[in-house]
Structure formats: structure tokens, C-alpha cells
Amino acid sequence: MALPRIYTDENAAREHLEALLWPNGPTCPHCGNTDEKRITKLQGNSTRPGVYKCKECRKPFSVTVGTVFERSHIPLNQWVYAVSLLASSKKGISSHQIHRTLGVTYKTAWFMTHRIREAMRALGMTPLGGDGEVVEVDETYYGPIEKPRSKNTRGQKFTKGGKSGPSNKRAIVSLVQRGGSVRSFHVAVADQDTVQNIVCQNVLAETRLHTDESRLYHGADSVFAAHETVKHSRKEYVRGDVHTNTIEGYFSIFKRGMRGNYQHCKEKHLHRYLAEFDFRYNNRIALGVNDEMRAARALQGISGKRLTYRRTH
């Protein structure tokens with residue numbers, strides 16, 4: 001079966017990207033001009049395809065300016081193909097697999113996947129929940145921190161040589177609206193103040209909050225419409241419609257993907273991997289989003305997220 005042209009032809013990929021980012025015609029990323037009469041498409045043998053010039057600010061631009069693809073020497077069709085691969089793989093796809101599939105170096109594939117994860121990062125998020133809605137909150141721990149701590153989140157010294165519980169592991173706090181979206185945060189320490197601030201800033205007060213019996217959520221009943229818990233220590237996992245199984249299921253997908261596909265992740269990059277898994281969960285089949293739509297939404301997220309490791313000129 002032949003691949004779609006947007007994966008094999010750079011001009012087709014550029015036209016696909018223009019249709020997604022400029023549904024009403026070209027937009028100058030420098031000054032915001034959208035008047036087609038004041039924008040000229042440059043043509044000729046000395047001009048690369050897809051370049052426009054704005055008559056308002058007199059600057060040239062293309063569809064990749066101001067995006068994570070800007071100034072990349074990687075053909076656009078390979079970018080589009082890589083986005084599709086990462087968006088359609090439920091538990092992620094390794095940079096090694098990307099480099100083998102696209103025929104690029106591993107270093108290039110790693111460069112691409114991190115920029116695609118940045119494109120998947122959500123912006124302008126509104127609070128979860130609402131009247132009658134249920135939001136589940138839980139914390140998990142994945143991977144060792146780079147600078148081991150000697151005390152736990154309550155300021156007490158670790159016991160058993162730090163080999164049990166969340167000692168010296170990276171803390172992740174996630175919130176999921178039942179039947180809706182998930183939102184994850186990597187925090188330095190999952191103490192009560194940090195977790196409560198995250199919950200209060202990301203969940204509406206009219207919401208029913210479901211958690212386990214952790215002390216981190218004490219006092220939540222005075223903030224939200226209801227705070228209902230299940231006691232895992234007593235082997236209680238469901239009581240009526242009260243449970244945290246939804247968020248536990250998300251953690252399962254995340255950890256299986258991290259251990260099975262990515263295997264190793266530096267702590268400074270963990271937030272991008274969380275953005276990737278959040279994005280796929282929030283654009284899943286159960287919400288009416290298929291693989292093609294998910295890839296298109298990831299491509300629409302490339303704007304305004306220029307990511308560089310050196311100063312731009």
C-alpha cells in the first residue's frame with residue numbers, strides 16, 4: 001500500500017500544512033497581516049517554494065516561520081510523517097524506530113520527536129469539571145531523580161535505605177475528568193501545598209472530586225462540591241461510582257509506554273513526554289478523534305512554539 005503524498009512529497013506536505021494553519025489564506029507571522037491583497041507569493045527559480053512576502057512589514061515568510069519546524073533542513077514531508085507516527089501510536093514510538101522508518105539519523109529523529117512533543121503541549125487550558133462532573137486526582141512516581149533527597153514530602157527521613165515508596169523518584173500529579181480530558185504535571189515534590197495548588201487551579205469548585213485516602217487531599221471537601229475517597233489500604237477500589245480507576249488506567253498507559261518504548265528519560269524532558277501522552281489521551285477514539293484527525297491537531301499545534309538550543313538571529 002502506497003503512502004499518502006503528504007508523506008512522500010514535500011510540496012504536498014507544505015500545501016497540507018498551509019491548509020491546516022491558514023484555512024482563510026496566508027497570515028504573516030511577523031505582523032499578523034491577513035489581507036491577501038497585501039501578501040504576495042514569491043515565485044521564480046531563485047526562490048524556494050512556499051515563500052510569501054508581506055507588504056505591510058516587508059518581510060518574507062513561509063508556513064513554518066514561528067513554528068517548531070522553522071529553519072529545519074528536514075523535508076516537510078518527513079516532519080508530517082513523523083507527526084502521524086507519534087500521534088497514532090498509543091504508547092509512543094521511539095526515536096530509534098523513527099530513524100529507521102524515515103531513514104534519518106538517530107540524532108535527527110530525537111530532535112524531531114522532542115519538537116513534535118512541544119507541538120502537542122496544550123496552551124490556554126480552562127479548568128476541568130463543573131456542576132455534576134467528576135474529576136479524579138492521583139499522584140504517581142516514575143524514574144529516579146537526579147539529585148537524591150534524604151527526606152520525604154513530610155520532612156521525615158527515608159526508611160529502609162530509601163528502597164520503598166516514592167523515595168527519590170520523580171513525582172507526577174494528574175487530573176482526569178471522567179469521560180473527558182487528562183492534565184499531568186511533573187513536580188519537584190508532591191507535598192500537600194503543591195498538590196492542593198494544582199488541584200485548586202485546574203478544577204472548578206462545582207466538581208465532585210474523587211481521590212484515594214492520601215493526606216495530600218485533606219480539606220478538599222471545603223473547596224469542592226464533594227470530595228469522595230476510596231481506601232486502597234483496605235482493598236477498596238470501587239464504591240458505587242466513586243473510584244480512581246480512570247486515572248489509574250492513564251498511569252498504566254503512560255508507564256507501559258515509557259518502559260516499553262522510551263525506556264530512559266532525563267528528568268528535564270519528562271514534562272514533554274507527559275504532554276505527548278496527555279495529547280493522545282485527550283484526542284482518543286472514544287472522544288471521536290481518529291488517527292488522521294489526531295495528526296492534524298498535532299500539526300495545528302506547531303505554531304508559536306519555536307524551540308531552539310541556540311540563540312535565533
# chains A, B, ... in the order shown; residues from 1 in each chain; ligands from 1
>>> residues_around(residues="stretch 14-19 of chain A", least_positions_apart="3", cutoff="12 Å", atoms="only C-alpha atoms", output="PyMOL selection string")
chain A and resi 4-11+22-27+48-52+62-65+67+69+75-81+83+295-303
>>> write_last_selection(atoms="N, CA and C atoms", output="compact mmCIF listing (two decimals), in the first residue's frame")
# COMPACT_ATOMS: atom_id res chain seq x y z
N PRO A 4 0.47 8.05 1.53
CA PRO A 4 -0.12 9.30 1.02
C PRO A 4 0.97 10.27 0.56
N ARG A 5 0.67 11.12 -0.40
CA ARG A 5 1.66 12.04 -0.98
C ARG A 5 2.21 13.01 0.04
N ILE A 6 1.42 13.34 1.07
CA ILE A 6 1.92 14.29 2.06
C ILE A 6 3.09 13.71 2.85
N TYR A 7 3.29 12.38 2.79
CA TYR A 7 4.42 11.74 3.47
C TYR A 7 5.61 11.54 2.54
N THR A 8 5.41 11.70 1.25
CA THR A 8 6.48 11.42 0.29
C THR A 8 6.87 12.62 -0.56
N ASP A 9 6.01 13.63 -0.65
CA ASP A 9 6.27 14.79 -1.49
C ASP A 9 6.26 16.06 -0.65
N GLU A 10 7.35 16.81 -0.68
CA GLU A 10 7.48 17.99 0.19
C GLU A 10 6.48 19.07 -0.17
N ASN A 11 6.20 19.28 -1.45
CA ASN A 11 5.23 20.30 -1.84
C ASN A 11 3.83 19.94 -1.36
N TRP A 22 -3.53 27.88 7.77
CA TRP A 22 -4.07 29.08 7.12
C TRP A 22 -5.39 28.74 6.41
N PRO A 23 -6.42 28.34 7.13
CA PRO A 23 -7.68 27.96 6.46
C PRO A 23 -8.33 29.10 5.69
N ASN A 24 -8.00 30.35 6.06
CA ASN A 24 -8.59 31.51 5.38
C ASN A 24 -7.57 32.26 4.54
N GLY A 25 -6.47 31.61 4.21
CA GLY A 25 -5.44 32.25 3.41
C GLY A 25 -4.20 32.57 4.24
N PRO A 26 -3.09 32.94 3.58
CA PRO A 26 -1.82 33.20 4.28
C PRO A 26 -1.94 34.27 5.35
N THR A 27 -1.22 34.06 6.44
CA THR A 27 -1.16 35.02 7.54
C THR A 27 0.30 35.31 7.85
N ARG A 48 12.75 29.61 -3.15
CA ARG A 48 12.26 28.27 -2.81
C ARG A 48 10.74 28.28 -2.72
N PRO A 49 10.10 27.16 -2.97
CA PRO A 49 8.63 27.11 -2.98
C PRO A 49 8.03 27.46 -1.61
N GLY A 50 6.86 28.06 -1.64
CA GLY A 50 6.12 28.33 -0.41
C GLY A 50 6.52 29.59 0.32
N VAL A 51 7.25 30.50 -0.32
CA VAL A 51 7.67 31.74 0.33
C VAL A 51 6.74 32.87 -0.09
N TYR A 52 6.30 33.65 0.89
CA TYR A 52 5.43 34.81 0.66
C TYR A 52 6.13 36.06 1.17
N SER A 62 7.17 31.93 5.41
CA SER A 62 6.57 30.70 4.90
C SER A 62 5.70 30.12 6.01
N VAL A 63 5.05 29.01 5.77
CA VAL A 63 4.14 28.43 6.74
C VAL A 63 4.88 27.90 7.97
N THR A 64 6.19 27.69 7.87
CA THR A 64 6.95 27.14 9.01
C THR A 64 7.53 28.22 9.93
N VAL A 65 7.47 29.48 9.53
CA VAL A 65 8.03 30.56 10.37
C VAL A 65 7.21 30.68 11.66
N THR A 67 7.15 28.40 13.99
CA THR A 67 6.71 27.09 14.42
C THR A 67 7.91 26.25 14.86
N PHE A 69 8.97 23.86 13.31
CA PHE A 69 9.64 23.41 12.10
C PHE A 69 10.57 24.48 11.52
N PRO A 75 13.11 17.71 5.35
CA PRO A 75 11.98 17.94 4.44
C PRO A 75 10.64 17.90 5.18
N LEU A 76 9.72 18.75 4.77
CA LEU A 76 8.43 18.87 5.44
C LEU A 76 7.64 17.56 5.42
N ASN A 77 7.77 16.80 4.34
CA ASN A 77 7.02 15.54 4.28
C ASN A 77 7.50 14.56 5.35
N GLN A 78 8.78 14.62 5.73
CA GLN A 78 9.27 13.76 6.80
C GLN A 78 8.75 14.24 8.16
N TRP A 79 8.64 15.55 8.33
CA TRP A 79 8.04 16.09 9.55
C TRP A 79 6.59 15.61 9.69
N VAL A 80 5.83 15.74 8.61
CA VAL A 80 4.42 15.36 8.64
C VAL A 80 4.26 13.87 8.92
N TYR A 81 5.13 13.05 8.31
CA TYR A 81 5.08 11.61 8.53
C TYR A 81 5.41 11.28 9.99
N VAL A 83 5.02 13.18 12.62
CA VAL A 83 3.89 13.59 13.46
C VAL A 83 2.81 12.52 13.44
N ALA A 295 -3.44 13.51 14.12
CA ALA A 295 -2.23 14.02 13.50
C ALA A 295 -2.42 15.46 13.03
N ALA A 296 -3.62 15.76 12.49
CA ALA A 296 -3.91 17.12 12.04
C ALA A 296 -3.90 18.09 13.22
N ARG A 297 -4.46 17.67 14.36
CA ARG A 297 -4.47 18.54 15.54
C ARG A 297 -3.05 18.77 16.07
N ALA A 298 -2.21 17.75 15.97
CA ALA A 298 -0.81 17.92 16.40
C ALA A 298 -0.10 18.92 15.50
N LEU A 299 -0.37 18.86 14.20
CA LEU A 299 0.25 19.81 13.27
C LEU A 299 -0.27 21.22 13.51
N GLN A 300 -1.52 21.36 13.89
CA GLN A 300 -2.06 22.69 14.19
C GLN A 300 -1.44 23.29 15.44
N GLY A 301 -0.81 22.44 16.26
CA GLY A 301 -0.19 22.93 17.49
C GLY A 301 1.24 23.39 17.34
N ILE A 302 1.79 23.37 16.11
CA ILE A 302 3.20 23.73 15.93
C ILE A 302 3.43 25.23 16.01
N SER A 303 2.40 26.04 15.81
CA SER A 303 2.55 27.50 15.75
C SER A 303 2.84 28.10 17.12
>>> residues_around(residues="A:Leu85", least_positions_apart="6", cutoff="9 Å", atoms="only C-alpha atoms", output="mmCIF file with N, CA and C atoms, in the first residue's frame")
data_model
loop_
_atom_site.group_PDB
_atom_site.id
_atom_site.type_symbol
_atom_site.label_atom_id
_atom_site.label_comp_id
_atom_site.auth_asym_id
_atom_site.auth_seq_id
_atom_site.Cartn_x
_atom_site.Cartn_y
_atom_site.Cartn_z
ATOM 1 N N GLY A 92 3.323 5.497 22.273
ATOM 2 C CA GLY A 92 4.500 6.192 21.787
ATOM 3 C C GLY A 92 5.311 5.369 20.811
ATOM 4 N N ILE A 93 6.270 6.012 20.183
ATOM 5 C CA ILE A 93 7.167 5.360 19.243
ATOM 6 C C ILE A 93 8.557 5.919 19.469
ATOM 7 N N ILE A 98 11.703 5.831 14.645
ATOM 8 C CA ILE A 98 11.531 6.950 13.720
ATOM 9 C C ILE A 98 12.715 7.023 12.764
ATOM 10 N N ALA A 295 -3.445 13.508 14.125
ATOM 11 C CA ALA A 295 -2.228 14.023 13.496
ATOM 12 C C ALA A 295 -2.421 15.463 13.035
#
>>> select_by_dssp(residues="stretch 220-251 of chain A", states="strand (DSSP E)", output="JSON, numbers by chain")
{"A": [226, 227, 228, 229, 230, 238, 239, 242, 243]}
>>> atom_distance(atom1="atom CA of A:Phe251", atom2="atom CA of A:Leu287")
18.8 Å
>>> select_by_dssp(residues="stretch 107-154 of chain A", states="alpha helix (DSSP H)", output="PDB file with N, CA and C atoms, in the first residue's frame")
ATOM      1  N   LYS A 107      20.092  10.990  15.813  1.00  0.00           N
ATOM      2  CA  LYS A 107      20.139  12.341  16.380  1.00  0.00           C
ATOM      3  C   LYS A 107      19.038  13.213  15.784  1.00  0.00           C
ATOM      4  N   THR A 108      18.829  13.090  14.473  1.00  0.00           N
ATOM      5  CA  THR A 108      17.765  13.850  13.801  1.00  0.00           C
ATOM      6  C   THR A 108      16.395  13.415  14.296  1.00  0.00           C
ATOM      7  N   ALA A 109      16.202  12.106  14.447  1.00  0.00           N
ATOM      8  CA  ALA A 109      14.916  11.586  14.917  1.00  0.00           C
ATOM      9  C   ALA A 109      14.614  12.077  16.330  1.00  0.00           C
ATOM     10  N   TRP A 110      15.631  12.089  17.196  1.00  0.00           N
ATOM     11  CA  TRP A 110      15.456  12.581  18.571  1.00  0.00           C
ATOM     12  C   TRP A 110      15.073  14.054  18.551  1.00  0.00           C
ATOM     13  N   PHE A 111      15.750  14.827  17.703  1.00  0.00           N
ATOM     14  CA  PHE A 111      15.454  16.256  17.520  1.00  0.00           C
ATOM     15  C   PHE A 111      13.992  16.440  17.114  1.00  0.00           C
ATOM     16  N   MET A 112      13.535  15.625  16.174  1.00  0.00           N
ATOM     17  CA  MET A 112      12.173  15.749  15.661  1.00  0.00           C
ATOM     18  C   MET A 112      11.135  15.389  16.719  1.00  0.00           C
ATOM     19  N   THR A 113      11.322  14.275  17.409  1.00  0.00           N
ATOM     20  CA  THR A 113      10.303  13.824  18.359  1.00  0.00           C
ATOM     21  C   THR A 113      10.110  14.814  19.498  1.00  0.00           C
ATOM     22  N   HIS A 114      11.183  15.451  19.959  1.00  0.00           N
ATOM     23  CA  HIS A 114      11.029  16.417  21.047  1.00  0.00           C
ATOM     24  C   HIS A 114      10.296  17.668  20.579  1.00  0.00           C
ATOM     25  N   ARG A 115      10.488  18.059  19.339  1.00  0.00           N
ATOM     26  CA  ARG A 115       9.763  19.224  18.829  1.00  0.00           C
ATOM     27  C   ARG A 115       8.297  18.892  18.564  1.00  0.00           C
ATOM     28  N   ILE A 116       8.040  17.671  18.182  1.00  0.00           N
ATOM     29  CA  ILE A 116       6.644  17.262  17.994  1.00  0.00           C
ATOM     30  C   ILE A 116       5.928  17.205  19.341  1.00  0.00           C
ATOM     31  N   ARG A 117       6.614  16.742  20.382  1.00  0.00           N
ATOM     32  CA  ARG A 117       6.008  16.743  21.723  1.00  0.00           C
ATOM     33  C   ARG A 117       5.705  18.172  22.172  1.00  0.00           C
ATOM     34  N   GLU A 118       6.576  19.108  21.806  1.00  0.00           N
ATOM     35  CA  GLU A 118       6.305  20.515  22.138  1.00  0.00           C
ATOM     36  C   GLU A 118       5.058  20.995  21.408  1.00  0.00           C
ATOM     37  N   ALA A 119       4.864  20.552  20.160  1.00  0.00           N
ATOM     38  CA  ALA A 119       3.660  20.915  19.403  1.00  0.00           C
ATOM     39  C   ALA A 119       2.413  20.337  20.056  1.00  0.00           C
ATOM     40  N   MET A 120       2.548  19.198  20.730  1.00  0.00           N
ATOM     41  CA  MET A 120       1.409  18.550  21.382  1.00  0.00           C
ATOM     42  C   MET A 120       1.055  19.194  22.721  1.00  0.00           C
TER      43      MET A 120
END
>>> residues_around(residues="A:Cys54", least_positions_apart="3", cutoff="8 Å", atoms="only C-alpha atoms", output="PDB file with C-alpha atoms, in the first residue's frame")
ATOM      1  CA  CYS A  28       2.048  36.956   8.148  1.00  0.00           C
ATOM      2  CA  ASN A  33      -1.479  40.717   8.330  1.00  0.00           C
ATOM      3  CA  ARG A  38      -1.122  42.852   0.817  1.00  0.00           C
ATOM      4  CA  ILE A  39       0.574  39.445   0.632  1.00  0.00           C
ATOM      5  CA  THR A  40       2.467  38.260  -2.433  1.00  0.00           C
ATOM      6  CA  CYS A  57       6.052  44.737   7.255  1.00  0.00           C
ATOM      7  CA  ARG A  58       8.058  43.969   4.074  1.00  0.00           C
ATOM      8  CA  LYS A  59       9.275  40.644   5.459  1.00  0.00           C
ATOM      9  CA  PRO A  60       9.290  37.262   3.708  1.00  0.00           C
ATOM     10  CA  PHE A  61       7.733  34.248   5.423  1.00  0.00           C
TER      11      PHE A  61
END
>>> residues_around(residues="stretch 236-241 of chain A", least_positions_apart="2", cutoff="12 Å", atoms="only C-alpha atoms", output="list of chain:residue names")
A:Glu133, A:Val134, A:Val135, A:Glu136, A:Arg178, A:Arg208, A:Leu209, A:His210, A:Thr211, A:Asp212, A:Glu213, A:Glu228, A:Thr229, A:Val230, A:Lys231, A:His232, A:Ser233, A:Arg234, A:His243, A:Thr244, A:Asn245, A:Thr246, A:Glu248
>>> atom_distance(atom1="atom CA of A:Ser184", atom2="atom CA of A:Ser88")
20.0 Å
>>> residues_around(residues="A:Gln263", least_positions_apart="3", cutoff="12 Å", atoms="only C-alpha atoms", output="CSV table (one decimal) with N, CA and C atoms, in the first residue's frame")
chain,number,residue,atom,x,y,z
A,91,LYS,N,1.1,4.0,22.8
A,91,LYS,CA,2.1,4.1,23.8
A,91,LYS,C,3.4,4.7,23.4
A,92,GLY,N,3.3,5.5,22.3
A,92,GLY,CA,4.5,6.2,21.8
A,92,GLY,C,5.3,5.4,20.8
A,93,ILE,N,6.3,6.0,20.2
A,93,ILE,CA,7.2,5.4,19.2
A,93,ILE,C,8.6,5.9,19.5
A,94,SER,N,9.5,5.1,19.6
A,94,SER,CA,10.9,5.5,19.9
A,94,SER,C,11.6,6.3,18.8
A,95,SER,N,12.6,7.1,19.2
A,95,SER,CA,13.3,7.8,18.2
A,95,SER,C,14.1,6.8,17.3
A,96,HIS,N,14.5,5.7,17.8
A,96,HIS,CA,15.2,4.7,17.0
A,96,HIS,C,14.3,4.2,15.9
A,142,TYR,N,7.7,8.0,38.8
A,142,TYR,CA,8.3,7.3,37.7
A,142,TYR,C,9.8,7.8,37.6
A,143,GLY,N,10.7,6.8,37.6
A,143,GLY,CA,12.1,7.1,37.4
A,143,GLY,C,12.8,7.8,38.5
A,254,PHE,N,0.7,5.3,30.4
A,254,PHE,CA,2.0,6.1,30.5
A,254,PHE,C,3.2,5.3,30.8
A,255,LYS,N,3.1,4.5,31.9
A,255,LYS,CA,4.2,3.7,32.3
A,255,LYS,C,4.6,2.6,31.4
A,256,ARG,N,3.6,2.0,30.7
A,256,ARG,CA,3.9,0.9,29.8
A,256,ARG,C,4.6,1.5,28.6
A,257,GLY,N,4.2,2.7,28.2
A,257,GLY,CA,4.9,3.4,27.0
A,257,GLY,C,6.3,3.8,27.4
A,258,MET,N,6.5,4.4,28.6
A,258,MET,CA,7.8,4.8,29.0
A,258,MET,C,8.8,3.7,29.1
A,259,ARG,N,8.3,2.6,29.7
A,259,ARG,CA,9.2,1.4,30.0
A,259,ARG,C,9.4,0.6,28.7
A,260,GLY,N,8.3,0.5,27.9
A,260,GLY,CA,8.4,-0.4,26.8
A,260,GLY,C,9.0,0.2,25.5
A,266,LYS,N,15.4,11.6,30.7
A,266,LYS,CA,16.0,12.5,31.7
A,266,LYS,C,14.9,13.3,32.3
A,273,TYR,N,7.2,14.4,27.6
A,273,TYR,CA,6.6,13.1,27.5
A,273,TYR,C,5.2,13.1,28.1
>>> residues_around(residues="A:Val223", least_positions_apart="2", cutoff="12 Å", atoms="only C-alpha atoms", output="list in words")
Gln196, Asn197, Val199, Cys200, Gln201, Val203, Leu204, Ala205, Glu206, Thr207, Arg208, Leu209, Tyr217, His218, Gly219, Ala220, Asp221, Ala225, Ala226 and His227 of chain A
>>> residues_around(residues="A:Ala286", least_positions_apart="6", cutoff="12 Å", atoms="only C-alpha atoms", output="PDB file with N, CA and C atoms, in the first residue's frame")
ATOM      1  N   ARG A 178     -13.757  12.546  34.224  1.00  0.00           N
ATOM      2  CA  ARG A 178     -14.294  11.267  33.787  1.00  0.00           C
ATOM      3  C   ARG A 178     -15.053  11.428  32.470  1.00  0.00           C
ATOM      4  N   GLY A 179     -14.605  10.673  31.463  1.00  0.00           N
ATOM      5  CA  GLY A 179     -15.183  10.773  30.137  1.00  0.00           C
ATOM      6  C   GLY A 179     -14.637  11.936  29.334  1.00  0.00           C
ATOM      7  N   GLY A 180     -13.598  12.618  29.881  1.00  0.00           N
ATOM      8  CA  GLY A 180     -13.048  13.794  29.205  1.00  0.00           C
ATOM      9  C   GLY A 180     -11.542  13.790  29.145  1.00  0.00           C
ATOM     10  N   SER A 181     -10.953  14.935  29.506  1.00  0.00           N
ATOM     11  CA  SER A 181      -9.528  15.154  29.312  1.00  0.00           C
ATOM     12  C   SER A 181      -8.707  14.881  30.562  1.00  0.00           C
ATOM     13  N   ARG A 280      -2.470  12.455  23.330  1.00  0.00           N
ATOM     14  CA  ARG A 280      -3.126  11.298  22.718  1.00  0.00           C
ATOM     15  C   ARG A 280      -4.373  10.893  23.495  1.00  0.00           C
TER      16      ARG A 280
END
